[in-house]
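Novice: So here's my_file_7.pdb (PDB, N, CA and C atoms).
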MODEL        1
ATOM      1  N   ARG A   1       6.453  22.874  33.696
ATOM      2  CA  ARG A   1       7.834  22.889  34.131
ATOM      3  C   ARG A   1       8.012  22.076  35.399
ATOM      4  N   LYS A   2       7.013  22.061  36.242
ATOM      5  CA  LYS A   2       7.132  21.333  37.492
ATOM      6  C   LYS A   2       7.122  19.830  37.271
ATOM      7  N   GLU A   3       6.384  19.385  36.265
ATOM      8  CA  GLU A   3       6.301  17.952  35.990
ATOM      9  C   GLU A   3       7.589  17.418  35.359
ATOM     10  N   TYR A   4       8.266  18.239  34.575
ATOM     11  CA  TYR A   4       9.486  17.833  33.879
ATOM     12  C   TYR A   4      10.642  18.732  34.303
ATOM     13  N   GLU A   5      11.434  18.257  35.227
ATOM     14  CA  GLU A   5      12.580  19.008  35.748
ATOM     15  C   GLU A   5      13.529  19.467  34.645
ATOM     16  N   ILE A   6      13.636  18.664  33.604
ATOM     17  CA  ILE A   6      14.581  18.939  32.520
ATOM     18  C   ILE A   6      14.312  20.292  31.857
ATOM     19  N   ILE A   7      13.048  20.735  31.849
ATOM     20  CA  ILE A   7      12.698  21.990  31.182
ATOM     21  C   ILE A   7      13.368  23.178  31.861
ATOM     22  N   ALA A   8      13.411  23.177  33.178
ATOM     23  CA  ALA A   8      13.990  24.309  33.914
ATOM     24  C   ALA A   8      15.434  24.076  34.316
ATOM     25  N   ASP A   9      15.782  22.818  34.617
ATOM     26  CA  ASP A   9      17.087  22.545  35.222
ATOM     27  C   ASP A   9      18.085  21.826  34.321
ATOM     28  N   GLY A  10      17.664  21.388  33.154
ATOM     29  CA  GLY A  10      18.571  20.653  32.284
ATOM     30  C   GLY A  10      19.702  21.515  31.754
ATOM     31  N   GLN A  11      20.845  20.885  31.540
ATOM     32  CA  GLN A  11      21.991  21.584  30.951
ATOM     33  C   GLN A  11      21.663  21.865  29.484
ATOM     34  N   ILE A  12      21.898  23.094  29.042
ATOM     35  CA  ILE A  12      21.507  23.500  27.695
ATOM     36  C   ILE A  12      22.712  23.536  26.756
ATOM     37  N   ARG A  13      22.450  23.095  25.514
ATOM     38  CA  ARG A  13      23.467  23.141  24.464
ATOM     39  C   ARG A  13      22.754  23.502  23.167
ATOM     40  N   PHE A  14      23.153  24.624  22.571
ATOM     41  CA  PHE A  14      22.550  25.024  21.299
ATOM     42  C   PHE A  14      23.083  24.130  20.195
ATOM     43  N   THR A  15      22.204  23.779  19.258
ATOM     44  CA  THR A  15      22.556  22.877  18.165
ATOM     45  C   THR A  15      22.308  23.584  16.833
ATOM     46  N   ASP A  16      22.799  22.994  15.763
ATOM     47  CA  ASP A  16      22.635  23.552  14.425
ATOM     48  C   ASP A  16      21.543  22.764  13.700
ATOM     49  N   ALA A  17      20.421  23.412  13.433
ATOM     50  CA  ALA A  17      19.308  22.759  12.741
ATOM     51  C   ALA A  17      19.512  22.735  11.233
ATOM     52  N   GLY A  18      20.594  23.345  10.760
ATOM     53  CA  GLY A  18      20.846  23.367   9.329
ATOM     54  C   GLY A  18      20.014  24.397   8.591
ATOM     55  N   ASN A  19      19.445  25.364   9.338
ATOM     56  CA  ASN A  19      18.623  26.412   8.743
ATOM     57  C   ASN A  19      18.720  27.626   9.659
ATOM     58  N   GLU A  20      19.178  28.742   9.131
ATOM     59  CA  GLU A  20      19.393  29.935   9.963
ATOM     60  C   GLU A  20      18.098  30.538  10.497
ATOM     61  N   ASN A  21      16.956  30.089   9.994
ATOM     62  CA  ASN A  21      15.664  30.581  10.467
ATOM     63  C   ASN A  21      15.084  29.734  11.604
ATOM     64  N   ILE A  22      15.823  28.732  12.025
ATOM     65  CA  ILE A  22      15.385  27.846  13.105
ATOM     66  C   ILE A  22      16.403  27.893  14.237
ATOM     67  N   ILE A  23      15.907  28.145  15.443
ATOM     68  CA  ILE A  23      16.750  28.019  16.643
ATOM     69  C   ILE A  23      16.509  26.625  17.191
ATOM     70  N   SER A  24      17.579  25.932  17.508
ATOM     71  CA  SER A  24      17.427  24.597  18.090
ATOM     72  C   SER A  24      18.418  24.419  19.229
ATOM     73  N   TYR A  25      17.981  23.674  20.223
ATOM     74  CA  TYR A  25      18.852  23.374  21.347
ATOM     75  C   TYR A  25      18.408  22.092  22.022
ATOM     76  N   GLU A  26      19.290  21.569  22.859
ATOM     77  CA  GLU A  26      19.004  20.372  23.639
ATOM     78  C   GLU A  26      19.214  20.676  25.106
ATOM     79  N   ARG A  27      18.393  20.077  25.922
ATOM     80  CA  ARG A  27      18.599  20.103  27.369
ATOM     81  C   ARG A  27      18.782  18.665  27.805
ATOM     82  N   THR A  28      19.719  18.417  28.712
ATOM     83  CA  THR A  28      19.942  17.076  29.231
ATOM     84  C   THR A  28      19.932  17.110  30.750
ATOM     85  N   LEU A  29      19.385  16.044  31.333
ATOM     86  CA  LEU A  29      19.335  15.924  32.785
ATOM     87  C   LEU A  29      18.989  14.478  33.142
ATOM     88  N   ASN A  30      19.793  13.894  33.993
ATOM     89  CA  ASN A  30      19.535  12.545  34.519
ATOM     90  C   ASN A  30      19.231  11.513  33.425
ATOM     91  N   GLY A  31      20.002  11.542  32.355
ATOM     92  CA  GLY A  31      19.840  10.561  31.285
ATOM     93  C   GLY A  31      18.718  10.871  30.302
ATOM     94  N   GLN A  32      17.998  11.971  30.503
ATOM     95  CA  GLN A  32      16.961  12.374  29.562
ATOM     96  C   GLN A  32      17.486  13.476  28.657
ATOM     97  N   LYS A  33      16.879  13.577  27.476
ATOM     98  CA  LYS A  33      17.239  14.648  26.548
ATOM     99  C   LYS A  33      15.959  15.282  26.025
ATOM    100  N   LEU A  34      15.937  16.616  26.003
ATOM    101  CA  LEU A  34      14.829  17.378  25.446
ATOM    102  C   LEU A  34      15.369  18.155  24.253
ATOM    103  N   SER A  35      14.846  17.873  23.065
ATOM    104  CA  SER A  35      15.256  18.573  21.849
ATOM    105  C   SER A  35      14.180  19.587  21.487
ATOM    106  N   VAL A  36      14.611  20.835  21.247
ATOM    107  CA  VAL A  36      13.671  21.930  20.985
ATOM    108  C   VAL A  36      14.003  22.584  19.647
ATOM    109  N   PHE A  37      12.960  22.824  18.849
ATOM    110  CA  PHE A  37      13.099  23.464  17.538
ATOM    111  C   PHE A  37      12.102  24.608  17.452
ATOM    112  N   CYS A  38      12.558  25.804  17.050
ATOM    113  CA  CYS A  38      11.689  26.992  16.960
ATOM    114  C   CYS A  38      11.862  27.653  15.599
ATOM    115  N   ASN A  39      10.792  27.700  14.820
ATOM    116  CA  ASN A  39      10.807  28.388  13.536
ATOM    117  C   ASN A  39      10.511  29.862  13.786
ATOM    118  N   LEU A  40      11.421  30.716  13.408
ATOM    119  CA  LEU A  40      11.292  32.152  13.638
ATOM    120  C   LEU A  40      10.593  32.899  12.507
ATOM    121  N   ARG A  41      10.192  32.196  11.474
ATOM    122  CA  ARG A  41       9.616  32.838  10.286
ATOM    123  C   ARG A  41       8.144  32.472  10.100
ATOM    124  N   GLY A  42       7.467  33.277   9.308
ATOM    125  CA  GLY A  42       6.065  33.058   8.991
ATOM    126  C   GLY A  42       5.856  32.167   7.784
ATOM    127  N   THR A  43       6.887  31.431   7.413
ATOM    128  CA  THR A  43       6.812  30.474   6.308
ATOM    129  C   THR A  43       7.383  29.140   6.767
ATOM    130  N   GLU A  44       7.033  28.071   6.079
ATOM    131  CA  GLU A  44       7.598  26.759   6.410
ATOM    132  C   GLU A  44       9.107  26.799   6.264
ATOM    133  N   GLN A  45       9.791  26.082   7.164
ATOM    134  CA  GLN A  45      11.248  26.032   7.129
ATOM    135  C   GLN A  45      11.690  24.576   7.312
ATOM    136  N   PRO A  46      12.506  24.056   6.391
ATOM    137  CA  PRO A  46      12.989  22.686   6.538
ATOM    138  C   PRO A  46      14.187  22.615   7.484
ATOM    139  N   LEU A  47      14.285  21.531   8.218
ATOM    140  CA  LEU A  47      15.494  21.254   8.993
ATOM    141  C   LEU A  47      16.556  20.756   8.021
ATOM    142  N   GLY A  48      17.811  20.977   8.335
ATOM    143  CA  GLY A  48      18.897  20.504   7.483
ATOM    144  C   GLY A  48      18.911  18.989   7.374
ATOM    145  N   GLU A  49      18.551  18.306   8.466
ATOM    146  CA  GLU A  49      18.432  16.849   8.514
ATOM    147  C   GLU A  49      17.146  16.498   9.223
ATOM    148  N   VAL A  50      16.528  15.412   8.827
ATOM    149  CA  VAL A  50      15.311  14.956   9.502
ATOM    150  C   VAL A  50      15.651  14.604  10.945
ATOM    151  N   PHE A  51      14.835  15.066  11.874
ATOM    152  CA  PHE A  51      14.999  14.725  13.285
ATOM    153  C   PHE A  51      14.059  13.570  13.607
ATOM    154  N   GLU A  52      14.592  12.500  14.165
ATOM    155  CA  GLU A  52      13.776  11.353  14.560
ATOM    156  C   GLU A  52      14.080  10.981  15.993
ATOM    157  N   ALA A  53      13.026  10.682  16.747
ATOM    158  CA  ALA A  53      13.169  10.250  18.133
ATOM    159  C   ALA A  53      12.269   9.036  18.351
ATOM    160  N   PRO A  54      12.783   7.827  18.074
ATOM    161  CA  PRO A  54      11.979   6.633  18.311
ATOM    162  C   PRO A  54      11.597   6.563  19.797
ATOM    163  N   GLY A  55      10.317   6.401  20.059
ATOM    164  CA  GLY A  55       9.849   6.342  21.433
ATOM    165  C   GLY A  55       9.812   7.695  22.125
ATOM    166  N   GLY A  56      10.097   8.776  21.389
ATOM    167  CA  GLY A  56      10.075  10.121  21.958
ATOM    168  C   GLY A  56       8.652  10.595  22.202
ATOM    169  N   LYS A  57       8.533  11.663  22.962
ATOM    170  CA  LYS A  57       7.228  12.229  23.288
ATOM    171  C   LYS A  57       7.243  13.726  23.007
ATOM    172  N   LEU A  58       6.290  14.185  22.207
ATOM    173  CA  LEU A  58       6.166  15.611  21.938
ATOM    174  C   LEU A  58       5.561  16.270  23.175
ATOM    175  N   LEU A  59       6.368  17.049  23.908
ATOM    176  CA  LEU A  59       5.901  17.700  25.130
ATOM    177  C   LEU A  59       5.218  19.025  24.848
ATOM    178  N   ILE A  60       5.799  19.787  23.949
ATOM    179  CA  ILE A  60       5.294  21.122  23.661
ATOM    180  C   ILE A  60       5.249  21.301  22.148
ATOM    181  N   GLY A  61       4.139  21.821  21.668
ATOM    182  CA  GLY A  61       4.004  22.106  20.248
ATOM    183  C   GLY A  61       2.801  23.008  20.048
ATOM    184  N   ASN A  62       2.859  23.887  19.087
ATOM    185  CA  ASN A  62       1.739  24.791  18.868
ATOM    186  C   ASN A  62       0.859  24.381  17.689
ATOM    187  N   TYR A  63       1.068  23.181  17.163
ATOM    188  CA  TYR A  63       0.190  22.602  16.152
ATOM    189  C   TYR A  63      -0.319  21.288  16.722
ATOM    190  N   ASN A  64      -1.601  21.211  17.039
ATOM    191  CA  ASN A  64      -2.177  20.043  17.709
ATOM    192  C   ASN A  64      -1.996  18.739  16.950
ATOM    193  N   GLU A  65      -2.069  18.786  15.647
ATOM    194  CA  GLU A  65      -1.979  17.545  14.877
ATOM    195  C   GLU A  65      -0.591  16.922  14.908
ATOM    196  N   ASN A  66       0.376  17.588  15.541
ATOM    197  CA  ASN A  66       1.717  17.020  15.674
ATOM    198  C   ASN A  66       1.854  16.110  16.878
ATOM    199  N   SER A  67       0.778  15.970  17.682
ATOM    200  CA  SER A  67       0.909  15.142  18.874
ATOM    201  C   SER A  67       1.229  13.712  18.454
ATOM    202  N   ASP A  68       2.124  13.094  19.219
ATOM    203  CA  ASP A  68       2.608  11.766  18.866
ATOM    204  C   ASP A  68       1.662  10.692  19.378
ATOM    205  N   ALA A  69       1.627   9.587  18.669
ATOM    206  CA  ALA A  69       0.872   8.424  19.119
ATOM    207  C   ALA A  69       1.798   7.571  19.985
ATOM    208  N   ALA A  70       1.234   6.940  20.980
ATOM    209  CA  ALA A  70       2.044   6.143  21.912
ATOM    210  C   ALA A  70       2.881   5.118  21.157
ATOM    211  N   GLY A  71       4.159   5.064  21.489
ATOM    212  CA  GLY A  71       5.054   4.078  20.895
ATOM    213  C   GLY A  71       5.558   4.418  19.504
ATOM    214  N   GLN A  72       5.102   5.515  18.936
ATOM    215  CA  GLN A  72       5.531   5.914  17.600
ATOM    216  C   GLN A  72       6.762   6.811  17.699
ATOM    217  N   ALA A  73       7.529   6.851  16.655
ATOM    218  CA  ALA A  73       8.672   7.763  16.602
ATOM    219  C   ALA A  73       8.174   9.179  16.306
ATOM    220  N   VAL A  74       8.772  10.157  16.968
ATOM    221  CA  VAL A  74       8.501  11.554  16.621
ATOM    222  C   VAL A  74       9.463  11.893  15.489
ATOM    223  N   ARG A  75       8.927  12.427  14.395
ATOM    224  CA  ARG A  75       9.739  12.727  13.209
ATOM    225  C   ARG A  75       9.417  14.139  12.752
ATOM    226  N   ILE A  76      10.469  14.947  12.610
ATOM    227  CA  ILE A  76      10.281  16.336  12.178
ATOM    228  C   ILE A  76      11.254  16.615  11.034
ATOM    229  N   ASN A  77      10.721  17.079   9.900
ATOM    230  CA  ASN A  77      11.608  17.477   8.806
ATOM    231  C   ASN A  77      11.333  18.902   8.333
ATOM    232  N   VAL A  78      10.127  19.410   8.624
ATOM    233  CA  VAL A  78       9.756  20.773   8.261
ATOM    234  C   VAL A  78       8.986  21.373   9.424
ATOM    235  N   LEU A  79       9.289  22.621   9.755
ATOM    236  CA  LEU A  79       8.513  23.344  10.756
ATOM    237  C   LEU A  79       7.601  24.329  10.040
ATOM    238  N   ARG A  80       6.354  24.361  10.449
ATOM    239  CA  ARG A  80       5.388  25.290   9.868
ATOM    240  C   ARG A  80       5.622  26.700  10.422
ATOM    241  N   PRO A  81       4.919  27.707   9.888
ATOM    242  CA  PRO A  81       5.154  29.085  10.331
ATOM    243  C   PRO A  81       5.088  29.233  11.860
ATOM    244  N   PHE A  82       6.144  29.772  12.427
ATOM    245  CA  PHE A  82       6.277  30.053  13.860
ATOM    246  C   PHE A  82       6.066  28.820  14.738
ATOM    247  N   GLU A  83       6.310  27.645  14.189
ATOM    248  CA  GLU A  83       6.119  26.408  14.955
ATOM    249  C   GLU A  83       7.233  26.180  15.958
ATOM    250  N   ILE A  84       6.853  25.626  17.100
ATOM    251  CA  ILE A  84       7.818  25.176  18.094
ATOM    252  C   ILE A  84       7.498  23.726  18.415
ATOM    253  N   ALA A  85       8.543  22.945  18.601
ATOM    254  CA  ALA A  85       8.374  21.547  18.987
ATOM    255  C   ALA A  85       9.441  21.204  20.006
ATOM    256  N   ALA A  86       9.013  20.609  21.131
ATOM    257  CA  ALA A  86       9.940  20.150  22.167
ATOM    258  C   ALA A  86       9.675  18.662  22.373
ATOM    259  N   VAL A  87      10.718  17.854  22.131
ATOM    260  CA  VAL A  87      10.581  16.397  22.150
ATOM    261  C   VAL A  87      11.438  15.827  23.266
ATOM    262  N   LEU A  88      10.809  15.052  24.158
ATOM    263  CA  LEU A  88      11.508  14.384  25.244
ATOM    264  C   LEU A  88      11.910  12.989  24.809
ATOM    265  N   GLN A  89      13.186  12.667  25.051
ATOM    266  CA  GLN A  89      13.706  11.331  24.701
ATOM    267  C   GLN A  89      14.255  10.660  25.925
TER     268      GLN A  89
ENDMDL
END
Would you put the structure from the file into structure tokens?

Specialist:
Amino acid sequence: RKEYEIIADGQIRFTDAGNENIISYERTLNGQKLSVFCNLRGTEQPLGEVFEAPGGKLLIGNYNENSDAAGQAVRINVLRPFEIAAVLQ
């Protein structure tokens, strides 16, 4: 939280992930945006629309293989059981 001010101080706006089993929201601060997706179920859950963040960085995630490669777009269309993903743009 100390490294990324947006996590604690960003203005929050809840968004619609297109799936009632997923909580999603955005935080914005100083021209940055942090998009957060949380699967509340023990089964895979699809997002209503594919989320893409060209040049984005996966800051927080509980599945290691989701870490982004430098310069690649972060793309999320399904969240695994109890998965959380926070993407900085």

Novice: The PyMOL selection byres ((chain A and resi 77-80) around 7) - which residues does that actually catch in the file I just gave you? List them as a VMD selection string.

Specialist: chain A and resid 39 41 to 51 75 to 76 81 to 84

Novice: As lines of an AutoDock Vina configuration file, what would the box around stretch 42-52 of chain A look like: edges along x, y and z, 5 Å added on every side, centre and edge lengths in Å to one decimal?

Specialist:
center_x = 12.4
center_y = 22.1
center_z = 11.0
size_x = 23.1
size_y = 32.3
size_z = 19.9

Novice: Can you list what the PyMOL selection byres ((chain A and resi 56) around 6.5) grabs from this structure, as an MDAnalysis selection string?

Specialist: chainID A and resid 53:55 57:58 72:74 87:89

Novice: As a list in words, list the residues of chain A assigned to helix (DSSP H, G or I) by DSSP on the backbone atoms of this structure.

Specialist: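 Across chain A, those assigned helix (DSSP H, G or I) are Glu5, Ile6, Ile7, Ala8, Asp9, Asn64, Glu65 and Asn66 of chain A.
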
Novice: A:Leu29, A:Cys38, A:Ala85, A:Gly61: which is nearest A:Ile6, counting all atoms listed in the file?

Specialist: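 Looking at the shortest contact to A:Ile6, the residue is A:Leu29.
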
Novice: Go through A:Leu40, A:Leu34, A:Ile60, A:Ala8 and flag the residue nearest A:Ile22, using all atoms listed in the file for the distances.

Specialist: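 Looking at the shortest contact to A:Ile22, the residue is A:Leu40.
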
Novice: Between atom CA of A:Gln11 and atom CA of A:Ser35, what distance in Å does the model show, to one decimal?

Specialist: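 We find that atom CA of A:Gln11 and atom CA of A:Ser35 lie 11.7 Å from each other.
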
Novice: Enumerate the residues of chain A with a DSSP assignment of strand (DSSP E), computed from the backbone, and present them as a count of residues only.

Specialist: 46

Novice: Using only N, CA and C atoms, can you tell me which of A:Thr15, A:Asn62, A:Glu3, A:Asp9 comes closest to A:Thr28?

Specialist: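 Counting only N, CA and C atoms, the residue closest to A:Thr28 is A:Asp9.
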
Novice: Could you please determine the separation between atom CA of A:Glu26 and atom CA of A:Ala86 in Å, to one decimal place?

Specialist: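 Result for atom CA of A:Glu26 versus atom CA of A:Ala86: 9.2 Å, one decimal.
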
Novice: Using Å and a single decimal, report how far atom C of A:Asp16 sits from atom CA of A:Asn30.

Specialist: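 Between atom CA of A:Asn30 and atom C of A:Asp16 the gap is 23.3 Å.
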